[in-house]
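Undergrad: Have a peek at coords-v9.tsv (TSV, C-alpha atoms).
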```tsv
chain	number	residue	atom	x	y	z
A	30	MET	CA	-11.31	14.04	7.37
A	31	ASN	CA	-9.93	13.75	3.87
A	32	TRP	CA	-7.11	11.20	4.14
A	33	ARG	CA	-7.78	7.96	2.31
A	34	PRO	CA	-5.33	5.17	1.41
A	35	PRO	CA	-5.17	4.23	-2.30
A	36	VAL	CA	-6.97	0.88	-1.90
A	37	PRO	CA	-10.41	-0.42	-2.92
A	38	MET	CA	-13.28	0.93	-0.87
A	39	GLY	CA	-14.38	-2.48	0.46
A	40	TYR	CA	-10.92	-3.85	1.20
A	41	LEU	CA	-11.23	-4.01	4.99
A	42	GLU	CA	-14.74	-5.44	4.78
A	43	SER	CA	-13.54	-8.19	2.44
A	44	ILE	CA	-10.79	-9.11	4.90
A	45	GLN	CA	-13.38	-9.38	7.66
A	46	ALA	CA	-15.37	-11.81	5.51
A	47	VAL	CA	-12.25	-13.87	4.75
A	48	GLY	CA	-11.12	-14.10	8.37
A	49	GLY	CA	-14.59	-14.67	9.77
A	50	VAL	CA	-15.96	-17.28	7.37
A	51	ALA	CA	-13.57	-18.60	4.72
A	52	ALA	CA	-10.41	-19.07	6.80
A	53	PRO	CA	-12.04	-21.12	9.61
A	54	LEU	CA	-13.68	-23.43	7.05
A	55	LEU	CA	-10.40	-23.90	5.17
A	56	ALA	CA	-8.56	-24.52	8.44
A	57	GLY	CA	-11.01	-27.28	9.37
A	58	GLY	CA	-10.72	-28.87	5.95
A	59	SER	CA	-6.91	-28.68	6.04
A	60	PHE	CA	-6.67	-30.41	9.41
A	61	THR	CA	-9.14	-33.08	8.27
A	62	LEU	CA	-6.94	-33.80	5.25
A	63	ALA	CA	-3.92	-33.84	7.58
A	64	VAL	CA	-5.53	-36.65	9.58
A	65	LEU	CA	-6.16	-38.60	6.39
A	66	ALA	CA	-2.57	-38.03	5.26
A	67	LEU	CA	-1.36	-39.22	8.67
A	68	GLN	CA	-3.27	-42.46	8.22
A	69	SER	CA	-1.79	-42.83	4.74
A	70	SER	CA	1.74	-42.45	6.09
A	71	VAL	CA	1.57	-45.92	7.64
A	72	PRO	CA	4.14	-48.10	5.82
A	73	GLY	CA	2.97	-51.02	3.79
A	74	PRO	CA	0.13	-51.55	1.32
A	75	VAL	CA	-2.17	-49.25	3.30
A	76	ALA	CA	-0.22	-46.19	2.12
A	77	VAL	CA	-1.72	-44.72	-1.04
A	78	SER	CA	0.53	-41.69	-1.57
A	79	ARG	CA	4.16	-41.66	-2.61
A	80	TRP	CA	5.04	-38.78	-0.27
A	81	PRO	CA	2.50	-38.89	2.59
A	82	ASP	CA	4.77	-37.01	5.02
A	83	ALA	CA	5.20	-34.13	2.58
A	84	SER	CA	1.43	-33.85	2.04
A	85	LEU	CA	0.89	-34.08	5.81
A	86	ALA	CA	3.30	-31.19	6.38
A	87	LEU	CA	1.58	-29.09	3.72
A	88	PHE	CA	-1.90	-29.74	5.13
A	89	VAL	CA	-0.78	-28.84	8.66
A	90	ALA	CA	0.90	-25.69	7.34
A	91	ALA	CA	-2.30	-24.78	5.47
A	92	GLY	CA	-4.38	-25.13	8.63
A	93	LEU	CA	-1.94	-23.08	10.71
A	94	LEU	CA	-1.82	-20.34	8.09
A	95	GLN	CA	-5.62	-20.10	8.09
A	96	ILE	CA	-5.57	-19.81	11.90
A	97	ALA	CA	-3.04	-16.98	11.48
A	98	THR	CA	-5.50	-15.40	9.05
A	99	VAL	CA	-8.21	-15.42	11.70
A	100	GLN	CA	-5.87	-13.86	14.26
A	101	ALA	CA	-4.66	-11.15	11.89
A	102	THR	CA	-8.27	-10.39	10.98
A	103	ALA	CA	-9.12	-9.93	14.65
A	104	TRP	CA	-6.27	-7.43	14.99
A	105	THR	CA	-7.49	-5.65	11.85
A	106	ARG	CA	-10.88	-5.17	13.46
A	107	ARG	CA	-9.24	-3.44	16.45
A	108	TYR	CA	-8.19	-0.52	14.24
A	109	VAL	CA	-11.23	-0.21	11.97
A	110	CYS	CA	-13.12	2.97	12.78
A	111	THR	CA	-15.19	5.58	10.95
A	112	PRO	CA	-14.88	9.39	11.16
A	113	GLY	CA	-18.07	9.35	13.23
A	114	ASP	CA	-16.46	6.98	15.73
A	115	LEU	CA	-13.49	9.30	16.14
A	116	LEU	CA	-15.73	12.31	16.67
A	117	GLN	CA	-17.59	10.42	19.40
A	118	TRP	CA	-14.33	9.49	21.08
A	119	PHE	CA	-12.85	12.98	20.78
A	120	PRO	CA	-15.80	15.43	20.58
A	121	GLY	CA	-13.60	18.45	21.25
A	122	GLU	CA	-11.23	17.81	18.34
A	123	GLN	CA	-13.32	19.72	15.79
A	124	THR	CA	-13.46	23.45	15.06
A	125	ASP	CA	-16.27	24.83	12.89
A	126	GLY	CA	-16.82	21.39	11.41
A	127	VAL	CA	-13.13	20.95	10.54
A	128	PRO	CA	-11.20	18.18	12.33
A	129	THR	CA	-8.00	19.15	14.10
A	130	PRO	CA	-4.60	17.83	12.98
A	131	PHE	CA	-4.65	15.52	16.01
A	132	LEU	CA	-7.87	13.87	14.84
A	133	LEU	CA	-6.61	13.56	11.26
A	134	GLY	CA	-3.43	11.98	12.55
A	135	MET	CA	-5.44	9.58	14.70
A	136	GLN	CA	-7.51	8.53	11.68
A	137	ARG	CA	-4.42	8.04	9.56
A	138	SER	CA	-2.70	5.99	12.27
A	139	HIS	CA	-5.70	3.69	12.73
A	140	LEU	CA	-6.14	3.17	8.99
A	141	LEU	CA	-2.46	2.40	8.50
A	142	GLN	CA	-2.56	-0.17	11.31
A	143	ALA	CA	-5.78	-1.67	9.96
A	144	HIS	CA	-4.32	-2.03	6.47
A	145	ARG	CA	-1.07	-3.45	7.84
A	146	TRP	CA	-2.92	-6.24	9.63
A	147	ALA	CA	-5.31	-6.70	6.71
A	148	ASN	CA	-2.37	-7.18	4.35
A	149	ALA	CA	-0.93	-9.76	6.76
A	150	ALA	CA	-4.28	-11.57	6.87
A	151	ARG	CA	-4.47	-11.60	3.09
A	152	GLY	CA	-0.91	-12.97	2.85
A	153	PHE	CA	-1.62	-15.74	5.36
A	154	TYR	CA	-4.87	-16.60	3.58
A	155	HIS	CA	-3.35	-16.97	0.13
A	156	ALA	CA	-0.31	-18.82	1.48
A	157	GLY	CA	-2.66	-21.24	3.21
A	158	ILE	CA	-4.57	-21.86	-0.02
A	159	VAL	CA	-1.33	-22.49	-1.90
A	160	ALA	CA	-0.20	-24.95	0.79
A	161	LEU	CA	-3.58	-26.71	0.71
A	162	LEU	CA	-3.64	-27.07	-3.09
A	163	THR	CA	0.00	-28.15	-3.19
A	164	GLY	CA	-0.72	-30.71	-0.49
A	165	LEU	CA	-3.54	-32.12	-2.61
A	166	LEU	CA	-1.18	-32.31	-5.59
A	167	VAL	CA	1.47	-34.15	-3.58
A	168	ALA	CA	-1.06	-36.47	-1.93
A	169	CYS	CA	-2.43	-37.54	-5.33
A	170	VAL	CA	0.93	-38.87	-6.51
A	171	PRO	CA	0.56	-42.67	-6.15
A	172	ARG	CA	3.17	-45.09	-4.93
A	173	GLY	CA	3.03	-47.14	-8.09
A	174	PRO	CA	3.08	-46.20	-11.76
A	175	LEU	CA	0.97	-43.33	-13.00
A	176	THR	CA	-2.12	-44.19	-15.04
A	177	GLY	CA	-3.91	-41.97	-17.51
A	178	ALA	CA	-6.69	-41.20	-15.03
A	179	ARG	CA	-4.22	-40.25	-12.30
A	180	TRP	CA	-2.37	-37.95	-14.73
A	181	THR	CA	-5.69	-36.17	-15.24
A	182	VAL	CA	-6.11	-35.75	-11.49
A	183	LEU	CA	-2.58	-34.37	-11.15
A	184	ALA	CA	-3.17	-31.99	-14.06
A	185	VAL	CA	-6.31	-30.63	-12.38
A	186	CYS	CA	-4.45	-30.15	-9.08
A	187	ALA	CA	-1.55	-28.46	-10.86
A	188	ALA	CA	-4.01	-26.16	-12.67
A	189	GLY	CA	-5.46	-25.18	-9.30
A	190	VAL	CA	-2.01	-24.31	-7.93
A	191	ALA	CA	-1.16	-22.35	-11.09
A	192	GLY	CA	-4.49	-20.53	-10.95
A	193	GLU	CA	-3.92	-19.50	-7.34
A	194	PHE	CA	-0.46	-18.18	-8.20
A	195	GLY	CA	-1.95	-16.25	-11.11
A	196	TRP	CA	-4.54	-14.76	-8.78
A	197	LEU	CA	-1.78	-13.78	-6.35
A	198	PHE	CA	0.26	-12.08	-9.05
A	199	ARG	CA	-2.77	-10.12	-10.21
A	200	ALA	CA	-3.48	-8.96	-6.66
A	201	LEU	CA	0.11	-8.22	-5.59
A	202	PHE	CA	1.56	-6.63	-8.73
A	203	LEU	CA	-0.93	-3.97	-9.75
A	204	ASP	CA	1.24	-2.38	-12.43
A	205	ARG	CA	1.02	-4.40	-15.66
A	206	GLY	CA	4.67	-4.01	-16.62
A	207	ILE	CA	5.90	-4.97	-13.16
A	208	ARG	CA	3.49	-7.92	-13.13
A	209	ARG	CA	4.85	-9.28	-16.42
A	210	ARG	CA	8.42	-8.97	-15.15
A	211	ALA	CA	7.50	-10.64	-11.85
A	212	ALA	CA	5.81	-13.52	-13.69
A	213	ALA	CA	8.90	-14.07	-15.84
A	214	ASP	CA	11.25	-14.01	-12.84
A	215	ALA	CA	8.99	-16.34	-10.85
A	216	ALA	CA	8.80	-18.77	-13.77
A	217	ALA	CA	12.59	-18.79	-14.04
A	218	LEU	CA	12.91	-19.35	-10.31
A	219	LEU	CA	10.46	-22.26	-10.41
A	220	ALA	CA	12.14	-23.78	-13.49
A	221	VAL	CA	15.57	-23.79	-11.83
A	222	ALA	CA	14.10	-25.27	-8.64
A	223	VAL	CA	12.40	-28.05	-10.62
A	224	ALA	CA	15.57	-28.84	-12.56
A	225	ALA	CA	17.62	-28.96	-9.35
A	226	THR	CA	15.26	-31.29	-7.49
A	227	ALA	CA	13.15	-33.31	-9.95
A	228	PRO	CA	15.80	-35.88	-11.01
A	229	GLY	CA	16.59	-36.63	-7.37
A	230	ILE	CA	12.92	-37.13	-6.48
A	231	TRP	CA	11.69	-38.92	-9.59
A	232	ASP	CA	13.98	-41.42	-11.32
A	233	GLY	CA	13.86	-41.98	-15.04
A	234	PRO	CA	14.24	-40.17	-18.37
A	235	PRO	CA	11.01	-38.08	-18.07
A	236	ALA	CA	12.39	-36.16	-15.08
A	237	LEU	CA	15.66	-35.52	-16.92
A	238	VAL	CA	13.84	-34.29	-20.03
A	239	VAL	CA	11.58	-31.98	-18.03
A	240	SER	CA	14.59	-30.58	-16.15
A	241	ALA	CA	16.51	-30.01	-19.38
A	242	VAL	CA	13.53	-28.22	-20.95
A	243	CYS	CA	13.22	-25.98	-17.87
A	244	LEU	CA	16.90	-25.03	-18.00
A	245	SER	CA	16.76	-24.39	-21.74
A	246	ALA	CA	13.75	-22.12	-21.28
A	247	CYS	CA	15.73	-20.11	-18.72
A	248	LEU	CA	18.93	-20.09	-20.77
A	249	LEU	CA	17.44	-18.85	-24.04
A	250	PRO	CA	16.42	-15.36	-22.76
A	251	LEU	CA	19.88	-14.92	-21.27
A	252	VAL	CA	21.53	-15.72	-24.61
A	253	LEU	CA	19.31	-13.18	-26.39
A	254	ARG	CA	19.64	-10.50	-23.71
A	255	HIS	CA	21.38	-7.26	-24.59
A	256	PRO	CA	23.40	-5.76	-23.05
A	257	VAL	CA	25.22	-8.61	-21.37
A	258	THR	CA	25.72	-8.20	-17.61
A	259	SER	CA	27.86	-10.05	-15.11
A	260	ALA	CA	24.73	-11.51	-13.51
A	261	SER	CA	23.48	-12.84	-16.86
A	262	VAL	CA	26.87	-14.40	-17.60
A	263	ILE	CA	27.04	-16.13	-14.21
A	264	SER	CA	23.47	-17.35	-14.50
A	265	GLY	CA	23.99	-18.54	-18.08
A	266	VAL	CA	27.13	-20.50	-17.20
A	267	SER	CA	25.39	-22.07	-14.21
A	268	LEU	CA	22.38	-23.10	-16.30
A	269	ALA	CA	24.54	-24.49	-19.11
A	270	LEU	CA	26.71	-26.52	-16.75
A	271	GLY	CA	23.62	-27.76	-14.94
A	272	GLU	CA	22.02	-28.92	-18.18
A	273	ILE	CA	25.19	-30.78	-19.16
A	274	ALA	CA	25.47	-32.35	-15.70
A	275	LEU	CA	21.94	-33.71	-15.95
A	276	PHE	CA	23.01	-36.22	-18.61
A	277	LEU	CA	26.36	-37.13	-17.08
A	278	PRO	CA	26.90	-39.82	-14.43
A	279	VAL	CA	27.30	-37.30	-11.61
A	280	PRO	CA	25.54	-37.29	-8.24
A	281	GLN	CA	22.35	-35.25	-8.00
A	282	PRO	CA	23.72	-33.04	-5.17
A	283	LEU	CA	26.46	-31.89	-7.56
A	284	VAL	CA	23.82	-30.81	-10.09
A	285	THR	CA	22.07	-28.84	-7.35
A	286	ILE	CA	25.36	-27.14	-6.38
A	287	VAL	CA	26.06	-26.21	-10.00
A	288	LEU	CA	22.59	-24.64	-10.34
A	289	ALA	CA	22.83	-22.78	-7.01
A	290	PRO	CA	24.24	-19.52	-8.54
A	291	ALA	CA	21.41	-19.36	-11.10
A	292	PHE	CA	18.85	-20.00	-8.37
A	293	CYS	CA	20.29	-17.28	-6.10
A	294	LEU	CA	20.33	-14.76	-8.96
A	295	ALA	CA	16.72	-15.64	-9.81
A	296	VAL	CA	15.75	-15.03	-6.19
A	297	ARG	CA	17.54	-11.66	-6.25
A	298	ALA	CA	15.75	-10.66	-9.46
A	299	PHE	CA	12.35	-11.55	-7.98
A	300	VAL	CA	13.09	-9.61	-4.79
A	301	THR	CA	14.07	-6.61	-6.92
A	302	VAL	CA	10.70	-6.74	-8.69
A	303	ILE	CA	8.90	-6.86	-5.33
A	304	ARG	CA	10.79	-3.75	-4.25
A	305	ARG	CA	9.80	-2.01	-7.47
A	306	GLN	CA	6.16	-2.81	-6.75
A	307	ARG	CA	6.47	-1.42	-3.21
A	308	ALA	CA	8.09	1.76	-4.53
A	309	TRP	CA	5.28	2.10	-7.06
A	310	ALA	CA	2.69	1.70	-4.28
A	311	ARG	CA	4.48	4.28	-2.12
A	312	ASP	CA	4.47	6.75	-5.01
A	313	ARG	CA	0.73	6.29	-5.40
A	314	THR	CA	0.26	6.80	-1.67
A	315	SER	CA	2.23	10.04	-1.69
A	316	VAL	CA	0.18	11.31	-4.63
A	317	GLY	CA	-3.07	10.39	-2.89
A	318	THR	CA	-2.15	12.28	0.30
A	319	THR	CA	-1.01	15.55	-1.30
```
Would it be possible to restate this file's structure as structure tokens?

TA:
Amino acid sequence: MNWRPPVPMGYLESIQAVGGVAAPLLAGGSFTLAVLALQSSVPGPVAVSRWPDASLALFVAAGLLQIATVQATAWTRRYVCTPGDLLQWFPGEQTDGVPTPFLLGMQRSHLLQAHRWANAARGFYHAGIVALLTGLLVACVPRGPLTGARWTVLAVCAAGVAGEFGWLFRALFLDRGIRRRAAADAAALLAVAVAATAPGIWDGPPALVVSAVCLSACLLPLVLRHPVTSASVISGVSLALGEIALFLPVPQPLVTIVLAPAFCLAVRAFVTVIRRQRAWARDRTSVGTT
């Protein structure tokens, strides 16, 4: 039996460890934090977070995603088998020590199913961690003014979220060139989202300045890009109009509408990079099976 998927040797075993130990512990911690966030959502001086309902939703989502990790791991285990297991199940499917095409096809089918469920478990697991860390970040935003110590706490939480996203990019985009492009597109997507929502959530000049900096960081590569495409022109006009609208007395929903084309194009660019990564993985698979 010589078919092997192009993945690390201990991949399935690592998923078993994640779904059997780490995910249940994280699920319990997430639901415990959800209870605390629920208590903090009581109106009045008891509330300690500015957005307790948002943190509550993120903690609940984190717990549910970790439960999904456990379930996907259980389904992964259903398809994990060794060549020896297959020979015990089908002792007649071997001629002179060589497995028949039926047995090779059975092994390939089981491994593909195992890796499909293992990939789902890994996706649920990382999504749950992102939701948990983001919930901590949101829960640490106080109702009153921010002090120097609380800024430090928020910076640590934000570093945790950024670190998890960096880990995800390293694991998902194995090709270095594709990974750099995906990071740039994801940063542009996040910058547009922040600029479209931050002034409506947080009043004051700091939110406007941060939004303007985000839009300028997205606009500069488009200005320097050659050759110019229709997508880059549409995105550039949207970003420029959005940056102007930030400092005009216009409603925040109008700013969001103006930035919608740039956001949609950023989403399309990121989806394109994901498809490139999948095509790259398929090419590696075809090489490994020939």

Undergrad: Would you list the residues near (-11.0, -26.4, 6.9), meaning any protein, DNA or RNA residue with an atom at most 10 Å from that point in file coordinates, counting all atoms listed in the file, as number ranges by chain?

TA: A: 51-62, 88, 91-92, 95-96, 161

Undergrad: Hey, what's within 9 Å of His139 in chain A if we count only C-alpha atoms and toss same-chain stuff fewer than 4 positions away? As a tab-separated table (two decimals) with C-alpha atoms, in the coordinates of the input, please?

TA:
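The file below, around38.tsv, is the result:
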```
chain	number	residue	atom	x	y	z
A	107	ARG	CA	-9.24	-3.44	16.45
A	108	TYR	CA	-8.19	-0.52	14.24
A	109	VAL	CA	-11.23	-0.21	11.97
A	110	CYS	CA	-13.12	2.97	12.78
A	134	GLY	CA	-3.43	11.98	12.55
A	135	MET	CA	-5.44	9.58	14.70
A	143	ALA	CA	-5.78	-1.67	9.96
A	144	HIS	CA	-4.32	-2.03	6.47
```

Undergrad: Could you check which of A:Thr176, A:Leu237, A:Ala160, A:Ala269 is closest to Val252 in chain A, using all atoms listed in the file?

TA: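 That would be A:Ala269, the residue with the smallest distance to Val252 in chain A.
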
Undergrad: What's the separation between CA of Glu42 in chain A and CA of Ala211 in chain A, in Å to one decimal place?

TA: 28.3 Å

Undergrad: Name the closest residue to Arg79 in chain A among the candidates A:Ala260, A:Cys293, A:Leu183, A:Cys169; distances are taken between atoms, counting all atoms listed in the file.

TA: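 Of A:Ala260, A:Cys293, A:Leu183, A:Cys169, the one nearest Arg79 in chain A, counting all atoms listed in the file, is A:Cys169.
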
Undergrad: Enter the distance from CA of Gly164 in chain A to CA of Ala83 in chain A, in Å, rounded to one decimal.

TA: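 Interatomic distance here is 7.5 Å.
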